[in-house]
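Trainee: So that you have it, the file is work.pdb, and it contains PDB, C-alpha atoms and all ligand atoms:
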ATOM      1  CA  MET O  19     106.463 301.152 195.834
ATOM      2  CA  THR O  20     104.033 298.678 194.292
ATOM      3  CA  ALA O  21     104.486 295.140 195.533
ATOM      4  CA  ASP O  22     105.432 293.643 192.147
ATOM      5  CA  VAL O  23     108.083 296.218 191.103
ATOM      6  CA  VAL O  24     111.200 294.123 190.428
ATOM      7  CA  ASN O  25     113.765 296.951 190.316
ATOM      8  CA  HIS O  26     112.737 298.517 193.603
ATOM      9  CA  HIS O  27     116.339 299.610 194.308
ATOM     10  CA  ALA O  28     116.869 301.343 190.947
ATOM     11  CA  ASP O  29     117.539 304.580 192.803
ATOM     12  CA  HIS O  30     120.628 303.139 194.551
ATOM     13  CA  PRO O  31     123.436 305.699 194.030
ATOM     14  CA  GLY O  32     125.902 303.025 192.885
ATOM     15  CA  PHE O  33     129.019 301.546 194.458
ATOM     16  CA  ALA O  34     132.082 303.756 194.743
ATOM     17  CA  GLY O  35     135.091 304.597 196.920
ATOM     18  CA  VAL O  36     136.217 302.709 200.003
ATOM     19  CA  THR O  37     132.655 301.730 200.923
ATOM     20  CA  GLY O  38     132.131 300.250 197.464
ATOM     21  CA  LEU O  39     135.390 298.335 197.801
ATOM     22  CA  LEU O  40     134.426 296.917 201.207
ATOM     23  CA  VAL O  41     130.956 295.932 199.989
ATOM     24  CA  GLY O  42     132.564 294.267 196.965
ATOM     25  CA  LEU O  43     134.933 292.301 199.206
ATOM     26  CA  ILE O  44     132.026 291.093 201.340
ATOM     27  CA  MET O  45     130.144 290.081 198.167
ATOM     28  CA  SER O  46     133.192 288.140 196.986
ATOM     29  CA  LEU O  47     133.296 286.186 200.258
ATOM     30  CA  ALA O  48     129.571 285.439 200.192
ATOM     31  CA  GLY O  49     128.929 284.781 196.504
ATOM     32  CA  GLY O  50     130.494 281.375 195.855
ATOM     33  CA  ALA O  51     127.385 279.244 196.396
ATOM     34  CA  VAL O  52     125.232 281.439 194.144
ATOM     35  CA  ALA O  53     127.909 281.432 191.426
ATOM     36  CA  ARG O  54     128.093 277.619 191.500
ATOM     37  CA  LEU O  55     124.293 277.360 191.433
ATOM     38  CA  ALA O  56     124.103 279.663 188.377
ATOM     39  CA  ALA O  57     126.754 277.662 186.529
ATOM     40  CA  ASP O  58     125.011 274.368 187.418
ATOM     41  CA  LEU O  59     121.534 275.577 186.415
ATOM     42  CA  VAL O  60     122.607 276.647 182.927
ATOM     43  CA  SER O  61     125.134 273.796 182.595
ATOM     44  CA  VAL O  62     127.983 276.094 181.617
ATOM     45  CA  ALA O  63     130.535 274.297 179.489
ATOM     46  CA  ASP O  64     133.512 275.119 177.326
ATOM     47  CA  ALA O  65     131.411 275.856 174.242
ATOM     48  CA  ASP O  66     129.693 278.723 176.071
ATOM     49  CA  ARG O  67     130.255 282.431 175.876
ATOM     50  CA  VAL O  68     128.778 284.022 179.005
ATOM     51  CA  VAL O  69     127.909 287.591 179.974
ATOM     52  CA  ASP O  70     127.614 288.269 183.716
ATOM     53  CA  VAL O  71     125.437 291.390 184.011
ATOM     54  CA  GLY O  72     126.390 293.284 187.159
ATOM     55  CA  CYS O  73     129.369 291.032 187.844
ATOM     56  CA  GLY O  74     130.455 292.940 190.975
ATOM     57  CA  PRO O  75     133.710 291.418 192.285
ATOM     58  CA  GLY O  76     133.564 288.735 189.571
ATOM     59  CA  THR O  77     132.884 285.578 191.593
ATOM     60  CA  ALA O  78     130.515 284.056 189.012
ATOM     61  CA  VAL O  79     132.755 285.154 186.131
ATOM     62  CA  ARG O  80     135.603 283.142 187.606
ATOM     63  CA  GLU O  81     133.266 280.156 188.195
ATOM     64  CA  ALA O  82     132.166 280.119 184.530
ATOM     65  CA  ALA O  83     135.783 280.427 183.362
ATOM     66  CA  ARG O  84     136.784 277.496 185.617
ATOM     67  CA  ARG O  85     134.186 275.449 183.724
ATOM     68  CA  GLY O  86     135.808 276.309 180.411
ATOM     69  CA  ALA O  87     133.574 279.116 179.124
ATOM     70  CA  ARG O  88     134.686 282.431 177.742
ATOM     71  CA  VAL O  89     133.192 285.137 179.966
ATOM     72  CA  ILE O  90     132.573 288.869 179.895
ATOM     73  CA  GLY O  91     131.974 290.537 183.258
ATOM     74  CA  VAL O  92     129.950 293.748 182.864
ATOM     75  CA  ASP O  93     129.331 296.252 185.649
ATOM     76  CA  PRO O  94     128.574 299.988 185.796
ATOM     77  CA  ALA O  95     130.783 300.535 188.872
ATOM     78  CA  PRO O  96     134.493 301.056 188.093
ATOM     79  CA  VAL O  97     135.369 300.143 191.700
ATOM     80  CA  MET O  98     133.769 296.688 191.229
ATOM     81  CA  LEU O  99     135.632 296.101 187.981
ATOM     82  CA  ARG O 100     138.935 297.115 189.611
ATOM     83  CA  LEU O 101     138.292 294.682 192.470
ATOM     84  CA  ALA O 102     137.243 291.926 190.048
ATOM     85  CA  ARG O 103     140.470 292.350 188.072
ATOM     86  CA  THR O 104     142.531 292.286 191.288
ATOM     87  CA  LEU O 105     140.852 289.090 192.505
ATOM     88  CA  THR O 106     141.200 287.318 189.158
ATOM     89  CA  PRO O 107     144.437 285.694 188.099
ATOM     90  CA  ASN O 108     145.326 286.477 184.510
ATOM     91  CA  ARG O 109     142.941 284.389 182.414
ATOM     92  CA  PRO O 110     142.664 284.966 178.683
ATOM     93  CA  ALA O 111     139.089 283.586 178.732
ATOM     94  CA  ILE O 112     137.853 286.541 180.830
ATOM     95  CA  THR O 113     137.247 290.134 179.791
ATOM     96  CA  TRP O 114     135.818 292.972 181.870
ATOM     97  CA  ALA O 115     133.687 295.799 180.521
ATOM     98  CA  GLU O 116     132.036 298.868 181.969
ATOM     99  CA  GLY O 117     128.340 298.818 181.053
ATOM    100  CA  ALA O 118     124.914 298.051 182.419
ATOM    101  CA  ALA O 119     121.987 295.754 181.739
ATOM    102  CA  GLU O 120     120.479 298.510 179.626
ATOM    103  CA  ASP O 121     123.698 298.948 177.588
ATOM    104  CA  LEU O 122     125.819 295.796 177.438
ATOM    105  CA  ARG O 123     128.029 297.035 174.584
ATOM    106  CA  GLN O 124     128.300 293.544 173.055
ATOM    107  CA  PRO O 125     127.471 292.514 169.459
ATOM    108  CA  ASP O 126     124.074 291.069 168.485
ATOM    109  CA  ALA O 127     123.578 287.313 169.032
ATOM    110  CA  SER O 128     127.168 286.973 170.260
ATOM    111  CA  VAL O 129     126.752 284.937 173.486
ATOM    112  CA  THR O 130     125.082 281.706 174.620
ATOM    113  CA  VAL O 131     124.417 282.560 178.286
ATOM    114  CA  VAL O 132     123.516 285.741 180.140
ATOM    115  CA  TRP O 133     123.051 285.774 183.885
ATOM    116  CA  SER O 134     122.369 288.484 186.384
ATOM    117  CA  LEU O 135     122.949 287.610 190.031
ATOM    118  CA  ALA O 136     121.503 289.921 192.679
ATOM    119  CA  THR O 137     121.386 292.843 190.266
ATOM    120  CA  VAL O 138     117.942 293.100 188.631
ATOM    121  CA  HIS O 139     116.615 294.838 191.735
ATOM    122  CA  HIS O 140     119.110 297.648 190.885
ATOM    123  CA  TRP O 141     118.426 297.961 187.122
ATOM    124  CA  ARG O 142     117.283 301.407 186.063
ATOM    125  CA  ASP O 143     115.004 300.126 183.271
ATOM    126  CA  VAL O 144     113.840 296.501 183.231
ATOM    127  CA  THR O 145     112.230 296.666 179.777
ATOM    128  CA  ALA O 146     115.436 298.080 178.259
ATOM    129  CA  GLY O 147     117.575 295.527 180.143
ATOM    130  CA  LEU O 148     115.554 292.559 178.893
ATOM    131  CA  ALA O 149     115.593 293.860 175.300
ATOM    132  CA  GLU O 150     119.371 294.277 175.519
ATOM    133  CA  ILE O 151     119.872 290.752 176.896
ATOM    134  CA  LYS O 152     117.677 289.310 174.150
ATOM    135  CA  ARG O 153     119.699 291.247 171.560
ATOM    136  CA  VAL O 154     123.101 289.879 172.673
ATOM    137  CA  LEU O 155     121.917 286.267 173.156
ATOM    138  CA  ALA O 156     122.132 283.904 170.191
ATOM    139  CA  PRO O 157     118.973 281.888 169.372
ATOM    140  CA  GLY O 158     118.615 279.177 172.013
ATOM    141  CA  GLY O 159     120.668 281.233 174.459
ATOM    142  CA  ARG O 160     119.898 280.847 178.171
ATOM    143  CA  PHE O 161     119.074 283.698 180.533
ATOM    144  CA  LEU O 162     119.115 283.347 184.301
ATOM    145  CA  ALA O 163     118.302 285.874 187.018
ATOM    146  CA  ILE O 164     118.841 285.055 190.677
ATOM    147  CA  GLU O 165     117.778 287.187 193.625
ATOM    148  CA  ARG O 166     117.757 286.565 197.356
ATOM    149  CA  ARG O 167     114.242 285.713 198.578
ATOM    150  CA  VAL O 168     112.997 288.528 200.822
ATOM    151  CA  CYS O 169     109.877 288.958 202.899
ATOM    152  CA  SER O 170     107.186 291.291 201.699
ATOM    153  CA  GLY O 171     107.345 294.540 203.648
ATOM    154  CA  ALA O 172     111.096 294.173 204.382
ATOM    155  CA  THR O 173     113.072 297.412 204.526
ATOM    156  CA  GLY O 174     116.714 298.466 204.241
ATOM    157  CA  LEU O 175     119.313 295.787 203.438
ATOM    158  CA  ALA O 176     116.763 293.046 204.135
ATOM    159  CA  SER O 177     114.739 294.233 201.140
ATOM    160  CA  HIS O 178     117.568 293.742 198.575
ATOM    161  CA  GLY O 179     116.061 290.833 196.670
ATOM    162  CA  TRP O 180     112.656 289.590 195.549
ATOM    163  CA  THR O 181     109.479 288.423 197.155
ATOM    164  CA  ALA O 182     107.705 285.519 195.441
ATOM    165  CA  GLN O 183     105.431 288.086 193.799
ATOM    166  CA  GLN O 184     108.363 290.064 192.391
ATOM    167  CA  ALA O 185     109.902 286.872 190.944
ATOM    168  CA  GLU O 186     106.579 286.080 189.216
ATOM    169  CA  SER O 187     106.367 289.650 187.960
ATOM    170  CA  PHE O 188     109.863 289.443 186.451
ATOM    171  CA  ALA O 189     108.945 286.148 184.763
ATOM    172  CA  ALA O 190     105.914 287.862 183.211
ATOM    173  CA  GLN O 191     108.192 290.647 181.957
ATOM    174  CA  CYS O 192     110.527 288.050 180.389
ATOM    175  CA  LEU O 193     107.556 286.546 178.539
ATOM    176  CA  ALA O 194     106.422 290.007 177.406
ATOM    177  CA  ALA O 195     109.969 290.677 176.146
ATOM    178  CA  GLY O 196     109.715 287.606 173.875
ATOM    179  CA  PHE O 197     111.619 284.985 175.891
ATOM    180  CA  THR O 198     110.275 281.422 175.972
ATOM    181  CA  ASP O 199     110.497 278.523 178.457
ATOM    182  CA  VAL O 200     110.217 281.005 181.308
ATOM    183  CA  ARG O 201     110.314 279.337 184.726
ATOM    184  CA  VAL O 202     110.342 280.534 188.311
ATOM    185  CA  GLU O 203     112.126 278.309 190.808
ATOM    186  CA  ASN O 204     113.230 278.408 194.431
ATOM    187  CA  HIS O 205     116.668 277.135 195.402
ATOM    188  CA  THR O 206     118.444 276.998 198.731
ATOM    189  CA  PRO O 207     122.186 276.545 198.310
ATOM    190  CA  GLY O 208     123.669 276.555 201.791
ATOM    191  CA  ARG O 209     121.178 278.329 204.020
ATOM    192  CA  ARG O 210     120.155 281.083 201.592
ATOM    193  CA  ALA O 211     116.700 281.040 199.980
ATOM    194  CA  LEU O 212     116.936 282.237 196.390
ATOM    195  CA  ALA O 213     114.402 283.127 193.716
ATOM    196  CA  VAL O 214     115.484 282.013 190.249
ATOM    197  CA  VAL O 215     113.942 283.007 186.925
ATOM    198  CA  ARG O 216     115.135 281.165 183.843
ATOM    199  CA  ALA O 217     114.272 281.898 180.218
ATOM    200  CA  VAL O 218     115.394 281.049 176.715
ATOM    201  CA  ARG O 219     115.893 283.367 173.761
ATOM    202  CA  PRO O 220     113.877 281.807 170.902
TER     203      PRO O 220
HETATM  204  C1  LIG O 301     124.552 293.141 194.990
HETATM  205  S1  LIG O 301     125.793 293.411 193.790
HETATM  206  C2  LIG O 301     125.945 291.774 193.077
HETATM  207  C3  LIG O 301     127.264 291.573 192.408
HETATM  208  C4  LIG O 301     127.515 290.174 191.818
HETATM  209  N1  LIG O 301     126.555 289.850 190.790
HETATM  210  C5  LIG O 301     127.495 289.128 192.892
HETATM  211  O1  LIG O 301     126.542 288.328 192.967
HETATM  212  O2  LIG O 301     128.468 289.094 193.690
HETATM  213  C6  LIG O 301     124.897 294.307 192.540
HETATM  214  C7  LIG O 301     125.759 294.698 191.350
HETATM  215  O3  LIG O 301     124.895 295.216 190.329
HETATM  216  C8  LIG O 301     125.547 296.310 189.729
HETATM  217  N2  LIG O 301     124.530 297.137 189.046
HETATM  218  C9  LIG O 301     123.865 298.218 189.505
HETATM  219  N3  LIG O 301     123.052 298.704 188.559
HETATM  220  C10 LIG O 301     123.194 297.904 187.470
HETATM  221  C11 LIG O 301     122.635 297.903 186.158
HETATM  222  N4  LIG O 301     121.735 298.815 185.769
HETATM  223  N5  LIG O 301     123.040 296.960 185.300
HETATM  224  C12 LIG O 301     123.926 296.025 185.676
HETATM  225  N6  LIG O 301     124.499 295.976 186.900
HETATM  226  C13 LIG O 301     124.133 296.911 187.782
HETATM  227  C14 LIG O 301     126.286 296.984 190.864
HETATM  228  O4  LIG O 301     127.320 297.828 190.443
HETATM  229  C15 LIG O 301     126.773 295.792 191.657
HETATM  230  O5  LIG O 301     128.062 295.369 191.264
END
In structure tokens, how does this file's structure come out?

Mentor:
Amino acid sequence: MTADVVNHHADHPGFAGVTGLLVGLIMSLAGGAVARLAADLVSVADADRVVDVGCGPGTAVREAARRGARVIGVDPAPVMLRLARTLTPNRPAITWAEGAAEDLRQPDASVTVVWSLATVHHWRDVTAGLAEIKRVLAPGGRFLAIERRVCSGATGLASHGWTAQQAESFAAQCLAAGFTDVRVENHTPGRRALAVVRAVRP
């Protein structure tokens, strides 16, 4: 693997079965601080229509809906979508859809916010994912990617995230995809160090 590859876990087999369910439950217990940070950073409000790419158990979907937005949670893993539905009280503002970053199955320019929390490192095709996100965002729409900060040379579970170099590399790919106002930031909600890349669809 080259040090600046941002989707270095693209070969992950995907979440399924009882293991997928257990991992999803753990994610739902751990994801609250990141979900709140995402919603704060893009100032989600009731005028927004949000797509959560790789929504997993839906923690950030529920956070955006609590702030008044309409939200679509997209994930390729049916087990995650089943768990997300189970954990989410009936809310008309939320819809769930099977899909992936590379194929969001949403109309052109139909949303104001797209975020992807701890998922870019799993995307199969980063160029296709960024083009798809740009397609579904309306002009002025905000894009946010958050990954756990990891040490260079980490292996196994400890490598699921980005080094500083990988965050910079993803920012460069956002610029190449035609996004503007691209920024790399570090945030530490609770005790977790996170790499954040923000961009705007011109
Ligand atoms: C580590 S989990 C994070 C889930 C959720 N965003 C959270 O923070 O709790 C990664 C998620 O990315 C999803 N995923 C994997 N490949 C993906 C792709 N190509 N596009 C979008 N999501 C993907 C997985 O199914 C999984 O739900």

Trainee: Ligand LIG 301 (chain O): which residues are within 6 Å, counting all atoms listed in the file, as a short mmCIF file (atom, residue, chain, number, x, y, z; two decimals) with C-alpha atoms, keeping the file's coordinate frame?

Mentor:
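Wrote it out as out.cif, contents follow:
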data_model
loop_
_atom_site.label_atom_id
_atom_site.label_comp_id
_atom_site.auth_asym_id
_atom_site.auth_seq_id
_atom_site.Cartn_x
_atom_site.Cartn_y
_atom_site.Cartn_z
CA GLY O 32 125.90 303.02 192.88
CA PHE O 33 129.02 301.55 194.46
CA MET O 45 130.14 290.08 198.17
CA SER O 46 133.19 288.14 196.99
CA GLY O 49 128.93 284.78 196.50
CA VAL O 71 125.44 291.39 184.01
CA GLY O 72 126.39 293.28 187.16
CA CYS O 73 129.37 291.03 187.84
CA GLY O 74 130.46 292.94 190.98
CA PRO O 75 133.71 291.42 192.28
CA ASP O 93 129.33 296.25 185.65
CA PRO O 94 128.57 299.99 185.80
CA ALA O 95 130.78 300.54 188.87
CA MET O 98 133.77 296.69 191.23
CA ALA O 118 124.91 298.05 182.42
CA ALA O 119 121.99 295.75 181.74
CA LEU O 135 122.95 287.61 190.03
CA ALA O 136 121.50 289.92 192.68
CA THR O 137 121.39 292.84 190.27
CA HIS O 140 119.11 297.65 190.88
CA TRP O 141 118.43 297.96 187.12
CA ARG O 142 117.28 301.41 186.06
#

Trainee: Tell me which protein, DNA and RNA residues are within 12 Å of Val214 (chain O), counting all atoms listed in the file, leaving out same-chain ones fewer than 5 positions away, and put them as a PyMOL selection string.

Mentor: chain O and resi 52+55-56+59-60+133-136+138+161-167+179-182+184-186+188-189+200-207

Trainee: Using all atoms listed in the file, which of O:Pro157, O:Gly91, O:Gly171, O:Pro220 sits nearest Asp126 (chain O)?

Mentor: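 Closest candidate: O:Pro157.
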
Trainee: For a quick check of understanding, using only C-alpha atoms, which of O:Gly76, O:Arg103, O:Thr113, O:Arg160 has the smallest distance to Val89 (chain O)?

Mentor: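 Comparing O:Gly76, O:Arg103, O:Thr113, O:Arg160 against Val89 (chain O), the winner is O:Thr113.
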
Trainee: Rounded to one decimal place, report the CA of Val92 (chain O)-CA of Ala78 (chain O) distance in Å.

Mentor: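 These two atoms are separated by 11.5 Å.
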
Trainee: Residues picked by the PyMOL selection byres (((chain O and resi 154) around 8) and not hetatm) here, as number ranges by chain?

Mentor: O: 124-129, 150-153, 155-156

Trainee: Measuring between all atoms listed in the file, which one of O:Gly117, O:Pro110, O:Gly38, O:Gly174 shows the shortest distance to Val97 (chain O)?

Mentor: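 Of O:Gly117, O:Pro110, O:Gly38, O:Gly174, the one nearest Val97 (chain O) is O:Gly38, counting all atoms listed in the file.
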
Trainee: Between CA of Arg80 (chain O) and CA of His178 (chain O), measure the distance and give it in Å to one decimal.

Mentor: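 Calculated distance between CA of Arg80 (chain O) and CA of His178 (chain O) is 23.6 Å.
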
Trainee: Under the PyMOL selection byres (((chain O and resi 111) around 12) and not hetatm), which residues of this model are included? Write them out as number ranges by chain.

Mentor: O: 64-69, 79-91, 106-110, 112-114

Trainee: Output C-alpha atoms for every residue in the selection just made, as a PDB file, keeping the file's coordinate frame.

Mentor:
ATOM      1  CA  ASP O  64     133.512 275.119 177.326  1.00  0.00           C
ATOM      2  CA  ALA O  65     131.411 275.856 174.242  1.00  0.00           C
ATOM      3  CA  ASP O  66     129.693 278.723 176.071  1.00  0.00           C
ATOM      4  CA  ARG O  67     130.255 282.431 175.876  1.00  0.00           C
ATOM      5  CA  VAL O  68     128.778 284.022 179.005  1.00  0.00           C
ATOM      6  CA  VAL O  69     127.909 287.591 179.974  1.00  0.00           C
ATOM      7  CA  VAL O  79     132.755 285.154 186.131  1.00  0.00           C
ATOM      8  CA  ARG O  80     135.603 283.142 187.606  1.00  0.00           C
ATOM      9  CA  GLU O  81     133.266 280.156 188.195  1.00  0.00           C
ATOM     10  CA  ALA O  82     132.166 280.119 184.530  1.00  0.00           C
ATOM     11  CA  ALA O  83     135.783 280.427 183.362  1.00  0.00           C
ATOM     12  CA  ARG O  84     136.784 277.496 185.617  1.00  0.00           C
ATOM     13  CA  ARG O  85     134.186 275.449 183.724  1.00  0.00           C
ATOM     14  CA  GLY O  86     135.808 276.309 180.411  1.00  0.00           C
ATOM     15  CA  ALA O  87     133.574 279.116 179.124  1.00  0.00           C
ATOM     16  CA  ARG O  88     134.686 282.431 177.742  1.00  0.00           C
ATOM     17  CA  VAL O  89     133.192 285.137 179.966  1.00  0.00           C
ATOM     18  CA  ILE O  90     132.573 288.869 179.895  1.00  0.00           C
ATOM     19  CA  GLY O  91     131.974 290.537 183.258  1.00  0.00           C
ATOM     20  CA  THR O 106     141.200 287.318 189.158  1.00  0.00           C
ATOM     21  CA  PRO O 107     144.437 285.694 188.099  1.00  0.00           C
ATOM     22  CA  ASN O 108     145.326 286.477 184.510  1.00  0.00           C
ATOM     23  CA  ARG O 109     142.941 284.389 182.414  1.00  0.00           C
ATOM     24  CA  PRO O 110     142.664 284.966 178.683  1.00  0.00           C
ATOM     25  CA  ILE O 112     137.853 286.541 180.830  1.00  0.00           C
ATOM     26  CA  THR O 113     137.247 290.134 179.791  1.00  0.00           C
ATOM     27  CA  TRP O 114     135.818 292.972 181.870  1.00  0.00           C
TER      28      TRP O 114
END

Trainee: If you measure from CA of Ala213 (chain O) to CA of Leu39 (chain O), what distance in Å do you get, rounded to one decimal?

Mentor: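 Interatomic distance, CA of Ala213 (chain O) to CA of Leu39 (chain O): 26.2 Å.
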
Trainee: Pick out the closest residue to Asp22 (chain O) from this set: O:His139, O:Arg210, O:Thr198, O:Val218. Count only C-alpha atoms.

Mentor: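 With only C-alpha atoms as the atom set, the closest residue is O:His139.
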